[in-house]
Amino acid sequence: TAEEAALAYARAGKAAGREPRAERVPQPSMSAAEAVQQAEAEGLTLVRTEGRGGFRGVAYQEGNRVTPYKAQIMEGGSLKYLGRFATAEEAALAYARAGKAAGREPRAERVPQPSMSAAEAVQQAEAEGLTLVRTEGRGGFRGVAYQEGNRVTPYKAQIMEGGSLKYLGRFATAEEAAL
């Protein structure tokens, strides 16, 4: 059994003079609902994203069925590993706690804002006397690029200004990006 194997391992370690390393002993994980409830109790925000991890600071890694979610945070210019977790919400809680400990608040500007439809963008362009110039590229309009992997805002708008490429933002529709 697993318990017998663990006992044999512990005995061999003790015989060799090694103490068990507590940091390697997995802690019981909490459910997604418990992690969300705990975040609310601590006044923390779990910021959702479109990535496979589902939350800022969380990555999903295949191959580990027990703890497939990894939490990391940038600290002092380096990526700090926060641990592996059974649920995305638990990993997001670790990220939110680390951010709070570092004195950071969630960056709301990265949360996608409601956008206008393609028809609304065309109508707005007409109202402002603007022309949306069509192109053959995947973005469909001059200054618009389509980027795979972002289902919410796949269109990026940019313009040359003073010899430099200036980023204008990400949008849900090509027409809104062109506007």
# chains A, B, ... in the order shown; residues from 1 in each chain; ligands from 1
call {"tool": "residues_around", "arguments": {"residues": "Ala118 of chain A", "least_positions_apart": "4", "cutoff": "8 Å", "atoms": "only C-alpha atoms", "output": "PDB file with C-alpha atoms, in the first residue's frame"}}
result
ATOM      1  CA  VAL A 122     -19.181  51.639 -38.170  1.00  0.00           C
ATOM      2  CA  THR A 173     -14.176  43.609 -33.112  1.00  0.00           C
ATOM      3  CA  ALA A 174     -11.970  44.699 -36.018  1.00  0.00           C
ATOM      4  CA  GLU A 175     -14.282  47.661 -36.657  1.00  0.00           C
ATOM      5  CA  GLU A 176     -13.925  48.938 -33.090  1.00  0.00           C
TER       6      GLU A 176
END
call {"tool": "atom_distance", "arguments": {"atom1": "atom CA of Ala32 of chain A", "atom2": "atom CA of Ala88 of chain A"}}
result
7.2 Å
call {"tool": "atom_distance", "arguments": {"atom1": "atom CA of Arg52 of chain A", "atom2": "atom CA of Ala96 of chain A"}}
result
17.7 Å
call {"tool": "residues_around", "arguments": {"residues": "Gly83 of chain A", "least_positions_apart": "4", "cutoff": "8 Å", "atoms": "only C-alpha atoms", "output": "list in words"}}
result
Lys70, Ala71, Gln72 and Ala91 of chain A
call {"tool": "write_last_selection", "arguments": {"atoms": "all heavy atoms", "output": "mmCIF file, in the first residue's frame"}}
result
data_model
loop_
_atom_site.group_PDB
_atom_site.id
_atom_site.type_symbol
_atom_site.label_atom_id
_atom_site.label_comp_id
_atom_site.auth_asym_id
_atom_site.auth_seq_id
_atom_site.Cartn_x
_atom_site.Cartn_y
_atom_site.Cartn_z
ATOM 1 N N LYS A 70 -0.513 26.209 -11.236
ATOM 2 C CA LYS A 70 0.698 26.786 -10.649
ATOM 3 C C LYS A 70 0.477 28.284 -10.479
ATOM 4 O O LYS A 70 -0.003 28.956 -11.383
ATOM 5 C CB LYS A 70 1.873 26.520 -11.584
ATOM 6 C CG LYS A 70 3.172 27.143 -11.140
ATOM 7 C CD LYS A 70 4.320 26.721 -12.029
ATOM 8 C CE LYS A 70 4.240 27.373 -13.378
ATOM 9 N NZ LYS A 70 5.412 27.124 -14.220
ATOM 10 N N ALA A 71 0.851 28.814 -9.313
ATOM 11 C CA ALA A 71 0.749 30.255 -9.057
ATOM 12 C C ALA A 71 2.150 30.851 -8.993
ATOM 13 O O ALA A 71 3.049 30.268 -8.384
ATOM 14 C CB ALA A 71 0.005 30.517 -7.747
ATOM 15 N N GLN A 72 2.319 32.008 -9.660
ATOM 16 C CA GLN A 72 3.591 32.735 -9.673
ATOM 17 C C GLN A 72 3.285 34.226 -9.653
ATOM 18 O O GLN A 72 2.240 34.641 -10.112
ATOM 19 C CB GLN A 72 4.385 32.432 -10.941
ATOM 20 C CG GLN A 72 4.664 30.986 -11.170
ATOM 21 C CD GLN A 72 5.400 30.770 -12.470
ATOM 22 O OE1 GLN A 72 6.481 30.258 -12.435
ATOM 23 N NE2 GLN A 72 4.836 31.149 -13.601
ATOM 24 N N ALA A 91 -5.113 28.566 -6.388
ATOM 25 C CA ALA A 91 -3.883 29.190 -6.889
ATOM 26 C C ALA A 91 -4.058 30.705 -6.975
ATOM 27 O O ALA A 91 -3.147 31.463 -6.625
ATOM 28 C CB ALA A 91 -3.528 28.611 -8.259
#
call {"tool": "atom_distance", "arguments": {"atom1": "atom CA of Lys100 of chain A", "atom2": "atom CA of Ile73 of chain A"}}
result
11.3 Å
call {"tool": "select_by_dssp", "arguments": {"residues": "chain A", "states": "helix (DSSP H, G or I)", "output": "PyMOL selection string"}}
result
chain A and resi 2-15+22-24+32-41+88-101+108-110+118-127+174-178
call {"tool": "residues_around", "arguments": {"residues": "Tyr60 of chain A", "least_positions_apart": "2", "cutoff": "9 Å", "atoms": "only C-alpha atoms", "output": "list in words"}}
result
Gly51, Arg52, Gly53, Gly54, Val58, Glu62, Pro68, Tyr69, Lys70 and Ala88 of chain A
call {"tool": "write_last_selection", "arguments": {"atoms": "N, CA and C atoms", "output": "compact mmCIF listing (two decimals), in the first residue's frame"}}
result
# COMPACT_ATOMS: atom_id res chain seq x y z
N GLY A 51 -6.81 33.07 -20.07
CA GLY A 51 -5.85 31.97 -20.19
C GLY A 51 -6.39 30.67 -19.61
N ARG A 52 -5.67 29.58 -19.82
CA ARG A 52 -6.10 28.27 -19.33
C ARG A 52 -6.14 28.21 -17.81
N GLY A 53 -5.33 29.04 -17.14
CA GLY A 53 -5.35 29.07 -15.69
C GLY A 53 -6.60 29.74 -15.14
N GLY A 54 -7.21 30.61 -15.94
CA GLY A 54 -8.46 31.24 -15.57
C GLY A 54 -8.35 32.47 -14.69
N VAL A 58 -1.99 32.62 -12.56
CA VAL A 58 -2.22 31.18 -12.50
C VAL A 58 -2.00 30.57 -13.88
N GLU A 62 -0.46 20.64 -17.85
CA GLU A 62 -0.90 19.26 -18.07
C GLU A 62 0.07 18.30 -17.41
N PRO A 68 -2.72 20.63 -10.86
CA PRO A 68 -2.39 21.12 -12.19
C PRO A 68 -2.25 22.64 -12.30
N TYR A 69 -2.56 23.38 -11.25
CA TYR A 69 -2.50 24.84 -11.32
C TYR A 69 -1.29 25.38 -10.56
N LYS A 70 -0.51 26.21 -11.24
CA LYS A 70 0.70 26.79 -10.65
C LYS A 70 0.48 28.28 -10.48
N ALA A 88 -7.90 26.17 -9.68
CA ALA A 88 -7.45 27.48 -10.15
C ALA A 88 -7.76 28.55 -9.11
call {"tool": "residues_around", "arguments": {"residues": "Thr45 of chain A", "least_positions_apart": "6", "cutoff": "10 Å", "atoms": "only C-alpha atoms", "output": "CSV table (one decimal) with all heavy atoms, in the first residue's frame"}}
result
chain,number,residue,atom,x,y,z
A,36,VAL,N,-12.8,30.8,-3.0
A,36,VAL,CA,-13.5,32.0,-3.3
A,36,VAL,C,-14.0,32.6,-2.0
A,36,VAL,O,-13.9,33.8,-1.8
A,36,VAL,CB,-14.6,31.8,-4.4
A,36,VAL,CG1,-15.5,33.0,-4.5
A,36,VAL,CG2,-14.0,31.4,-5.7
A,39,ALA,N,-11.2,34.1,-0.1
A,39,ALA,CA,-10.7,35.4,-0.7
A,39,ALA,C,-11.7,36.5,-0.3
A,39,ALA,O,-11.2,37.6,0.1
A,39,ALA,CB,-10.7,35.3,-2.2
A,92,ALA,N,-5.2,31.2,-7.4
A,92,ALA,CA,-5.5,32.6,-7.5
A,92,ALA,C,-5.5,33.2,-6.1
A,92,ALA,O,-5.1,34.4,-6.0
A,92,ALA,CB,-6.8,32.8,-8.2
A,93,LEU,N,-6.0,32.5,-5.1
A,93,LEU,CA,-6.0,33.0,-3.8
A,93,LEU,C,-4.5,33.2,-3.3
A,93,LEU,O,-4.2,34.2,-2.7
A,93,LEU,CB,-6.7,32.0,-2.8
A,93,LEU,CG,-6.7,32.4,-1.3
A,93,LEU,CD1,-7.3,33.7,-1.1
A,93,LEU,CD2,-7.4,31.3,-0.5
A,95,TYR,N,-2.0,33.8,-5.2
A,95,TYR,CA,-1.5,35.0,-6.0
A,95,TYR,C,-2.0,36.3,-5.3
A,95,TYR,O,-1.2,37.2,-5.1
A,95,TYR,CB,-1.9,34.9,-7.4
A,95,TYR,CG,-1.5,36.1,-8.3
A,95,TYR,CD1,-0.2,36.1,-8.8
A,95,TYR,CD2,-2.4,37.1,-8.5
A,95,TYR,CE1,0.1,37.2,-9.6
A,95,TYR,CE2,-2.0,38.2,-9.3
A,95,TYR,CZ,-0.8,38.2,-9.8
A,95,TYR,OH,-0.4,39.3,-10.6
A,96,ALA,N,-3.3,36.3,-5.0
A,96,ALA,CA,-3.9,37.5,-4.4
A,96,ALA,C,-3.2,37.8,-3.0
A,96,ALA,O,-2.9,39.0,-2.7
A,96,ALA,CB,-5.4,37.4,-4.3
A,97,ARG,N,-3.0,36.8,-2.3
A,97,ARG,CA,-2.3,37.0,-0.9
A,97,ARG,C,-0.9,37.5,-1.1
A,97,ARG,O,-0.5,38.4,-0.4
A,97,ARG,CB,-2.3,35.7,-0.2
A,97,ARG,CG,-3.6,35.2,0.4
A,97,ARG,CD,-3.5,33.9,1.0
A,97,ARG,NE,-4.7,33.5,1.8
A,97,ARG,CZ,-5.0,32.3,2.1
A,97,ARG,NH1,-4.2,31.3,1.8
A,97,ARG,NH2,-6.1,32.0,2.8
A,100,LYS,N,-1.1,41.2,-2.1
A,100,LYS,CA,-1.5,42.0,-1.0
A,100,LYS,C,-0.3,42.2,0.0
A,100,LYS,O,0.0,43.3,0.4
A,100,LYS,CB,-2.7,41.4,-0.2
A,100,LYS,CG,-3.1,42.3,0.9
A,100,LYS,CD,-4.4,41.7,1.6
A,100,LYS,CE,-4.9,42.7,2.7
A,100,LYS,NZ,-6.1,42.1,3.3
A,105,GLU,N,-2.5,46.1,-5.5
A,105,GLU,CA,-3.9,45.9,-5.7
A,105,GLU,C,-4.1,45.3,-7.0
A,105,GLU,O,-3.3,45.5,-7.9
A,105,GLU,CB,-4.7,47.2,-5.5
A,105,GLU,CG,-4.7,47.8,-4.1
A,105,GLU,CD,-5.4,46.9,-3.1
A,105,GLU,OE1,-6.5,46.3,-3.5
A,105,GLU,OE2,-4.9,46.7,-2.0
A,106,PRO,N,-5.2,44.6,-7.3
A,106,PRO,CA,-5.5,44.1,-8.6
A,106,PRO,C,-5.6,45.2,-9.6
A,106,PRO,O,-6.1,46.2,-9.3
A,106,PRO,CB,-6.8,43.3,-8.5
A,106,PRO,CG,-7.1,43.3,-7.1
A,106,PRO,CD,-6.3,44.2,-6.3
call {"tool": "select_by_dssp", "arguments": {"residues": "chain A", "states": "strand (DSSP E)", "output": "number ranges by chain"}}
result
A: 58-60, 69-75, 78-85, 144-146, 155-161, 164-171
call {"tool": "residues_around", "arguments": {"residues": "Ala145 of chain A", "least_positions_apart": "4", "cutoff": "6 Å", "atoms": "only C-alpha atoms", "output": "MDAnalysis selection string"}}
result
chainID A and resid 139 155:156
call {"tool": "write_last_selection", "arguments": {"atoms": "N, CA, C and O atoms", "output": "compact mmCIF listing (two decimals), in the first residue's frame"}}
result
# COMPACT_ATOMS: atom_id res chain seq x y z
N GLY A 139 -6.51 41.38 -39.80
CA GLY A 139 -7.16 42.42 -39.01
C GLY A 139 -8.30 43.09 -39.77
O GLY A 139 -9.23 43.62 -39.17
N TYR A 155 -8.36 41.76 -31.41
CA TYR A 155 -7.90 42.77 -32.37
C TYR A 155 -7.09 43.85 -31.66
O TYR A 155 -7.55 44.45 -30.70
N LYS A 156 -5.88 44.08 -32.17
CA LYS A 156 -4.97 45.08 -31.58
C LYS A 156 -4.87 46.25 -32.56
O LYS A 156 -4.65 46.05 -33.74
call {"tool": "residues_around", "arguments": {"residues": "Ala94 of chain A", "least_positions_apart": "4", "cutoff": "8 Å", "atoms": "only C-alpha atoms", "output": "MDAnalysis selection string"}}
result
chainID A and resid 71 82 90 98
call {"tool": "closest_residue", "arguments": {"among": "A:Ala101, A:Gly77, A:Gly149, A:Glu89", "to": "Glu34 of chain A", "atoms": "only C-alpha atoms"}}
result
A:Glu89
call {"tool": "closest_residue", "arguments": {"among": "A:Gln158, A:Thr153, A:Gln38, A:Ser164", "to": "Met116 of chain A", "atoms": "only C-alpha atoms"}}
result
A:Thr153
